[in-house]
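Following: one structure in structure tokens, then a few remarks.
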Protein chains: 2
Amino acid sequence: MEMNKQLASAGNKRIALVGAGNVATHLGIALQQAGWQIAQVYSRTEASASELGNRLQVPYVTSLEAICTDADIYIVSVKDDALPVLIPELVKGRNGMFVHTAGSVPMKVWKDHAPCHGVLYPMQTFSKQKPVDFSKVSFFLEGDGEETLVQLRELASSLSGLVYDATSEQRMALHMAAVFACNFTNHMYALSAHLLEKNGLPFEAMLPLIDETARKVHDLAPKAAQTGPAIRKDMNVMNKHLDMLADELGLKELYEKISKSIQEL
Amino acid sequence: MEMNKQLASAGNKRIALVGAGNVATHLGIALQQAGWQIAQVYSRTEASASELGNRLQVPYVTSLEAICTDADIYIVSVKDDALPVLIPELVKGRNGMFVHTAGSVPMKVWKDHAPCHGVLYPMQTFSKQKPVDFSKVSFFLEGDGEETLVQLRELASSLSGLVYDATSEQRMALHMAAVFACNFTNHMYALSAHLLEKNGLPFEAMLPLIDETARKVHDLAPKAAQTGPAIRKDMNVMNKHLDMLADELGLKELYEKISKSIQEL
């Protein structure tokens with residue numbers, strides 16, 4: 001994996017967005033703001049297609065056949081398991097570059113279908129409600145050849161300075177590591193919020209600690225940054241906590257398993 | 001729990017620091033910078049006592065009997081299970097206000113010993129290597145009466161604007177919730193770093209995602225902010241991840257348990 005420090009300005013290529021979920025929405029908005037021409041939006045469902053189409057003020061379609069044939073780049077952001085069915089249909093009768101944005105789908109899904117293909121994986125957590133600052137998103141690129149990579153770098157580096165090359169295997173590992181660092185982390189926040197709420201305490205009181213915990217690993221490796229009863233093997237405190245945790249939601253078991261894992265690492 | 005918005009300047013009371021670990025060190029430095037007079041440092045071990053004493057340029061002692069008898073406030077930051085033995089020894093022959101800084105120790109440990117007592121709990125993760133910005137630390141106070149609380153508020157609000165009252169029960173719940181939001185979260189970072197390292201990828205590529213995950217819960221409740229394969233019930237991706245996780249460190253089981261907990265919440 002090598003970081004590409006080059007920065008490029010948006011080209012005047014025409015982009016078709018295939019999919020209108022969270023990733024397509026935020027990526028589409030950001031690409032348009034960076035000066036790229038979004039030619040069209042496709043979604044299977046009318047509501048999603050029209051919402052994103054209207055937001056970007058571009059035409060939208062709801063059938064694969066209606067996707068324009070003259071786009072330069074087709075960016076496909078659909079559910080992972082929709083890809084195998086969608087890809088042959090989409091590529092048929094169309095040229096241009098085809099890329100998907102999924103962390104856990106290998107590039108080879110394109111191989112027998114599209115001559116020019118690649119992957120543009122923005123590693124970030126996208127919620128519909130919250131705007132995304134793409135300058136703080138790491139992009140991981142893979143292409144069928146150098147020419148494709150050059151185009152993908154132009155695209156990604158118009159949005160972010162954090163642009164890396166990564167193989168399909170590396171991207172899969174990144175995606176799995178991201179599940180731990182983002183989804184599982186967020187779940188720890190959610191359980192914390194649940195425990196606070198049960199005791200009449202506001203979650204906002206926890207935010208400074210959450211922020212510092214994230215800030216700390218910019219300077220220290222997470223292993224070196226660990227504090228608390230588990231790493232101190234403070235059985236006294238751990239037993240008090242286990243006694244307090246009613247066994248709804250399997251919280252007791254989770255507390256024990258994660259504490260054990262902290263001690264083992 | 002009520003937030004105390006008042007801000008106060010440091011009084012000229014003399015403070016003795018009993019303990020010289022991470023909490024005592026960071027708190028001592030911050031209090032001194034805020035204008036409080038640190039009269040003395042105590043630690044059982046010569047190395048810790050001298051390190052903090054020298055850092056603050058104040059006398060240090062290593063026996064309980066040598067602790068000064070004329071301090072106005074004794075701030076006790078020692079291991080939780082050292083408190084029951086230490087407290088009667090410390091209080092004997094001394095006046096002033098006695099407070100401890102532990103999340104999970106009830107205020108009543110002082111009750112039969114010190115007439116004036118309370119708790120000053122800074123809810124933060126303290127590492128020796130990393131300076132602490134106390135303006136971003138939530139303090140939770142408990143006192144034997146209003147007079148004690150007034151003094152504690154003066155102390156805490158000279159360091160931070162985030163000062164709350166909390167009962168022993170609330171503090172215990174806060175401490176447990178903090179284990180989830182801080183220690184367990186940090187462990188998710190550590191496991192993520194471990195997975196990246198195993199695949200030749202730099203942890204720093206994960207930092208923007210870690211930051212955004214923390215930032216997001218300032219605007220959305222963690223439950224509403226959740227993304228990823230578990231909440232989508234994307235078994236396809238989850239099974240790929242489980243296949244990739246070698247069962248060292250019980251990672252497979254942890255992945256399954258946390259994913260199940262995400263779906264249950």
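In the structure tokens, chains take letters A, B, ... by order of appearance, with residues numbered from 1 within each chain and ligands from 1 in the order shown.
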
So that I can check the secondary structure, give me every residue of segment 35-161 of chain A assigned helix (DSSP H, G or I) by backbone DSSP, as a PyMOL selection string.
chain A and resi 46-56+64-66+80-91+107-110+134-136+146-157

Give me the residues near Asn186 of chain A as number ranges by chain, where near means some atom within 7 Å (using only C-alpha atoms) and where sequence neighbours in that chain fewer than 4 positions away do not count.
A: 182, 190; B: 213, 222, 226

May I have the residues of chain A within 6 Å of chain B, counting only C-alpha atoms, written as a PDB file with N, CA and C atoms, in the first residue's frame?
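And here is the file that came out, selection.pdb:
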```
ATOM      1  N   GLN A 124     -14.943   5.139   5.432  1.00  0.00           N
ATOM      2  CA  GLN A 124     -15.565   6.085   6.354  1.00  0.00           C
ATOM      3  C   GLN A 124     -16.936   5.575   6.737  1.00  0.00           C
ATOM      4  N   LYS A 136     -11.119  14.389   5.122  1.00  0.00           N
ATOM      5  CA  LYS A 136     -10.683  13.532   6.227  1.00  0.00           C
ATOM      6  C   LYS A 136     -11.086  12.074   6.008  1.00  0.00           C
ATOM      7  N   ALA A 177     -10.858  -4.461   9.776  1.00  0.00           N
ATOM      8  CA  ALA A 177     -10.273  -3.630  10.841  1.00  0.00           C
ATOM      9  C   ALA A 177     -11.161  -2.416  11.116  1.00  0.00           C
ATOM     10  N   PHE A 180     -14.005  -3.147  13.496  1.00  0.00           N
ATOM     11  CA  PHE A 180     -13.587  -3.036  14.898  1.00  0.00           C
ATOM     12  C   PHE A 180     -13.465  -1.563  15.309  1.00  0.00           C
ATOM     13  N   ALA A 181     -12.747  -0.769  14.517  1.00  0.00           N
ATOM     14  CA  ALA A 181     -12.427   0.610  14.912  1.00  0.00           C
ATOM     15  C   ALA A 181     -13.621   1.546  14.824  1.00  0.00           C
ATOM     16  N   CYS A 182     -14.611   1.179  14.025  1.00  0.00           N
ATOM     17  CA  CYS A 182     -15.764   2.071  13.857  1.00  0.00           C
ATOM     18  C   CYS A 182     -17.051   1.446  14.388  1.00  0.00           C
ATOM     19  N   THR A 185     -16.590  -0.003  17.952  1.00  0.00           N
ATOM     20  CA  THR A 185     -16.365   1.160  18.822  1.00  0.00           C
ATOM     21  C   THR A 185     -17.668   1.901  19.067  1.00  0.00           C
ATOM     22  N   MET A 188     -19.701   0.235  21.553  1.00  0.00           N
ATOM     23  CA  MET A 188     -19.276   0.492  22.941  1.00  0.00           C
ATOM     24  C   MET A 188     -19.871   1.821  23.421  1.00  0.00           C
ATOM     25  N   TYR A 189     -19.894   2.826  22.544  1.00  0.00           N
ATOM     26  CA  TYR A 189     -20.552   4.097  22.889  1.00  0.00           C
ATOM     27  C   TYR A 189     -22.036   3.848  23.190  1.00  0.00           C
ATOM     28  N   ALA A 190     -22.672   3.028  22.349  1.00  0.00           N
ATOM     29  CA  ALA A 190     -24.112   2.787  22.496  1.00  0.00           C
ATOM     30  C   ALA A 190     -24.412   2.080  23.822  1.00  0.00           C
ATOM     31  N   SER A 192     -22.524   2.220  26.476  1.00  0.00           N
ATOM     32  CA  SER A 192     -22.240   3.233  27.488  1.00  0.00           C
ATOM     33  C   SER A 192     -23.450   4.159  27.658  1.00  0.00           C
ATOM     34  N   LEU A 195     -26.187   2.374  29.550  1.00  0.00           N
ATOM     35  CA  LEU A 195     -25.925   2.283  30.991  1.00  0.00           C
ATOM     36  C   LEU A 195     -26.146   3.630  31.680  1.00  0.00           C
ATOM     37  N   PRO A 208     -16.340  14.172  26.421  1.00  0.00           N
ATOM     38  CA  PRO A 208     -14.917  14.521  26.548  1.00  0.00           C
ATOM     39  C   PRO A 208     -14.025  13.282  26.651  1.00  0.00           C
ATOM     40  N   LEU A 209     -14.510  12.256  27.327  1.00  0.00           N
ATOM     41  CA  LEU A 209     -13.725  11.023  27.471  1.00  0.00           C
ATOM     42  C   LEU A 209     -13.628  10.285  26.130  1.00  0.00           C
ATOM     43  N   THR A 213     -10.125   9.614  24.190  1.00  0.00           N
ATOM     44  CA  THR A 213      -9.762   8.234  23.860  1.00  0.00           C
ATOM     45  C   THR A 213      -9.367   8.130  22.379  1.00  0.00           C
ATOM     46  N   PRO A 222      -2.543   2.062  20.399  1.00  0.00           N
ATOM     47  CA  PRO A 222      -3.680   1.742  21.268  1.00  0.00           C
ATOM     48  C   PRO A 222      -3.297   0.818  22.435  1.00  0.00           C
ATOM     49  N   LYS A 223      -2.426  -0.132  22.162  1.00  0.00           N
ATOM     50  CA  LYS A 223      -2.017  -1.054  23.221  1.00  0.00           C
ATOM     51  C   LYS A 223      -1.343  -0.292  24.367  1.00  0.00           C
TER      52      LYS A 223
END
```

Mind the document's chain letters and residue numbers, and return as a VMD selection string the residues of segment 98-162 of chain B that DSSP labels strand (DSSP E or B).
chain B and resid 98 to 100 117 to 123 138 to 143

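Across the model, the gap from atom CA of Ser43 of chain A to atom CA of Leu149 of chain A is 26.5 Å.
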
Nearest candidate to Ala71 of chain B (options B:Val150, B:Ile38, B:Ala114, B:Leu86; using only C-alpha atoms):
B:Ile38

Quick one: residues within 7 Å of Val76 of chain A, only C-alpha atoms counted, chain neighbours fewer than 6 positions away excluded, as a PyMOL selection string?
chain A and resi 17-19+99-101

Preceding selection exported with N, CA and C atoms as a short mmCIF file (atom, residue, chain, number, x, y, z; two decimals), in the first residue's frame:
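Output below, filename part.cif:
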```
data_model
loop_
_atom_site.label_atom_id
_atom_site.label_comp_id
_atom_site.auth_asym_id
_atom_site.auth_seq_id
_atom_site.Cartn_x
_atom_site.Cartn_y
_atom_site.Cartn_z
N LEU A 17 -23.74 7.73 -11.43
CA LEU A 17 -23.79 7.12 -10.10
C LEU A 17 -24.79 5.97 -10.12
N VAL A 18 -24.29 4.76 -9.92
CA VAL A 18 -25.16 3.58 -9.93
C VAL A 18 -25.38 3.17 -8.47
N GLY A 19 -26.56 3.51 -7.96
CA GLY A 19 -26.85 3.35 -6.54
C GLY A 19 -27.09 4.73 -5.95
N VAL A 99 -16.19 1.19 -11.65
CA VAL A 99 -15.59 0.97 -10.33
C VAL A 99 -16.68 0.73 -9.31
N HIS A 100 -16.36 -0.09 -8.31
CA HIS A 100 -17.27 -0.19 -7.18
C HIS A 100 -16.59 0.41 -5.95
N THR A 101 -17.36 0.58 -4.87
CA THR A 101 -16.85 1.31 -3.70
C THR A 101 -16.84 0.44 -2.44
#
```
